[in-house]
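I have placed the structure first, in the form of structure tokens, so that the comments after it can refer back to it.
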Amino acid sequence: MTDSTMKTITINTSHRYDVLIGNGLLKKTGELILKIHPPCKIAIISDTNVAPLYMNEVKRSLNRTGFNVCDYVFKAGEKSKNMDTLFMILEFLADAEITKTDLILALGGGVVGDIAGFAASIYLRGINFVEMPTTLLAAVDSSVGGKTGVNLPSGKNLVGAFHQPIRVICDTDTLKSLPEINIADGIAEAIKYGLLGNVKILEVLDNYNETIYEAVTTKASFVEKDEFNTNFRNFLNLGHTIGHAIEKCSNYSISHGHAIAAGMSIITKAFEKLGYTNPGTSENLKKLLARYNLPITSNFSSSELYEVALKDKKRSGDTFTLVVPISLHKWELRTIPISDLKAIIELGL
């Protein structure tokens with residue numbers, strides 16, 4: 001796929017926006033934004049991994065098309081996804097005199113997109129922003145759907161808001177700079193979409209452009225039906241209750257995609273033991289994850305994971321809604337008493 005064959009997916013949420021997928025899009029950033037927004041001041045938010053690689057090219061494109069650019073770069077990593085970094089970004093926006101008619105551009109992976117999007121949602125009670133994902137994980141999942149936020153010491157994504165971008169620009173050339181472990185993170189989330197019904201995605205996992213296209217198309221079908229995550233969109237939390245607990249227990253040394261892979265495997269193994277899931281489902285999922293060197297369990301105890309999961313944002317009073325398998329490609333939402341969760345985790349380890 002070349003930039004001349006760029007693919008476009010329209011997301012029909014409270015405001016419509018396009019996800020653009022192709023090669024060579026960084027150098028066209030300015031013209032791609034100019035098509036939906038007049039020249040203004042743009043604050044690029046990025047991190048110390050991504051900025052040295054792509055910041056200058058994006059700035060040149062924006063400057064050529066009449067945008068006035070400023071930037072803020074924070075230390076890369078999940079540990080920076082916190083209130084302190086958020087406050088520094090907000091102060092930067094104020095000092096740079098970013099106004100309601102200006103834009104934020106999130107240039108980076110999921111951490112950058114989450115925190116920049118959250119800043120956009122609350123600065124001046126909300127300004128527009130553009131997502132430019134540079135990791136496979138962000139491209140297939142977090143850059144689309146409007147979930148933004150930061151972590152608290154108590155847990156992951158406990159503070160946030162729904163705030164849709166006005167455009168997502170995904171230059172798949174940026175994936176060439178990623179180590180295999182980061183590619184595997186994105187594959188884990190893509191596998192999730194395959195399990196939730198888009199079997200085709202499991203056939204194109206080695207073609208990243210097609211993987212992103214299929215994943216975003218599938219995610220759009222969930223988001224458009226339930227933009228604010230009241231019911232149907234909960235399917236996208238497959239593996240996430242346990243996965244987020246694994247991330248937090250590891251102090252975020254275990255990356256998101258790897259934790260979610262383990263979370264999907266643990267929940268499948270547990271419900272197969274309970275007789276709810278078709279026999280052999282756990283083994284088939286294990287083989288699929290192993291193909292991409294993704295984990296199928298965790299070294300943390302059920303007690304450790306349970307204590308963290310108690311603070312998970314998906315908890316409702318004394319219950320959890322889990323995404324549980326009937327078979328490898330048939331899943332359903334099941335509400336369980338919170339008192340049952342520890343035993344379920346134990347069965348899956």
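Here's how to read the names in the structure tokens: chain A, B, ... by the order shown, residue numbers from 1 in each chain, ligand numbers from 1 in the order shown.
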Might you pull out every residue within 6 Å of Asn151 of chain A, with only C-alpha atoms counted and same-chain residues fewer than 5 positions away left off, and present them as a ChimeraX atom specification?
-> /A:81-82,156-158
Could you name the residues that touch Ala139 of chain A at 7 Å or less, counting only C-alpha atoms, but leaving out those on the same chain fewer than 4 positions away, as a compact mmCIF listing (two decimals) with C-alpha atoms, in the first residue's frame?
```
# COMPACT_ATOMS: atom_id res chain seq x y z
CA PRO A 133 -0.55 7.06 16.19
CA THR A 135 2.62 2.32 17.22
CA SER A 143 -6.41 6.25 18.69
CA CYS A 170 -1.94 6.71 10.64
CA ILE A 212 -5.10 -1.72 11.11
```
Between A:Leu20, A:Leu93, A:Ile115, A:Ile326, which has the minimum distance to Glu272 of chain A (counting only C-alpha atoms)?
->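 Result for the nearest residue to Glu272 of chain A: A:Ile326.
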What is the atom CA of Ala270 of chain A-atom CA of Ser301 of chain A distance in Å, reported with one decimal?
->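 If I compute the distance from atom CA of Ala270 of chain A to atom CA of Ser301 of chain A, I get 14.4 Å.
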When DSSP works through the backbone of this structure, what residues of segment 154-334 of chain A end up as strand (DSSP E or B), shown as JSON, numbers by chain?
-> {"A": [155, 156, 157, 158, 159, 160, 161, 162, 167, 168, 169, 170, 171, 315, 316, 319, 320, 321, 322, 323, 324, 325, 326, 327, 330, 331, 332, 333, 334]}
Give me, please, the distance in Å between atom CA of Ala106 of chain A and atom CA of Val130 of chain A, quoted to one decimal.
->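 Atom CA of Val130 of chain A lies at a distance of 6.2 Å from atom CA of Ala106 of chain A.
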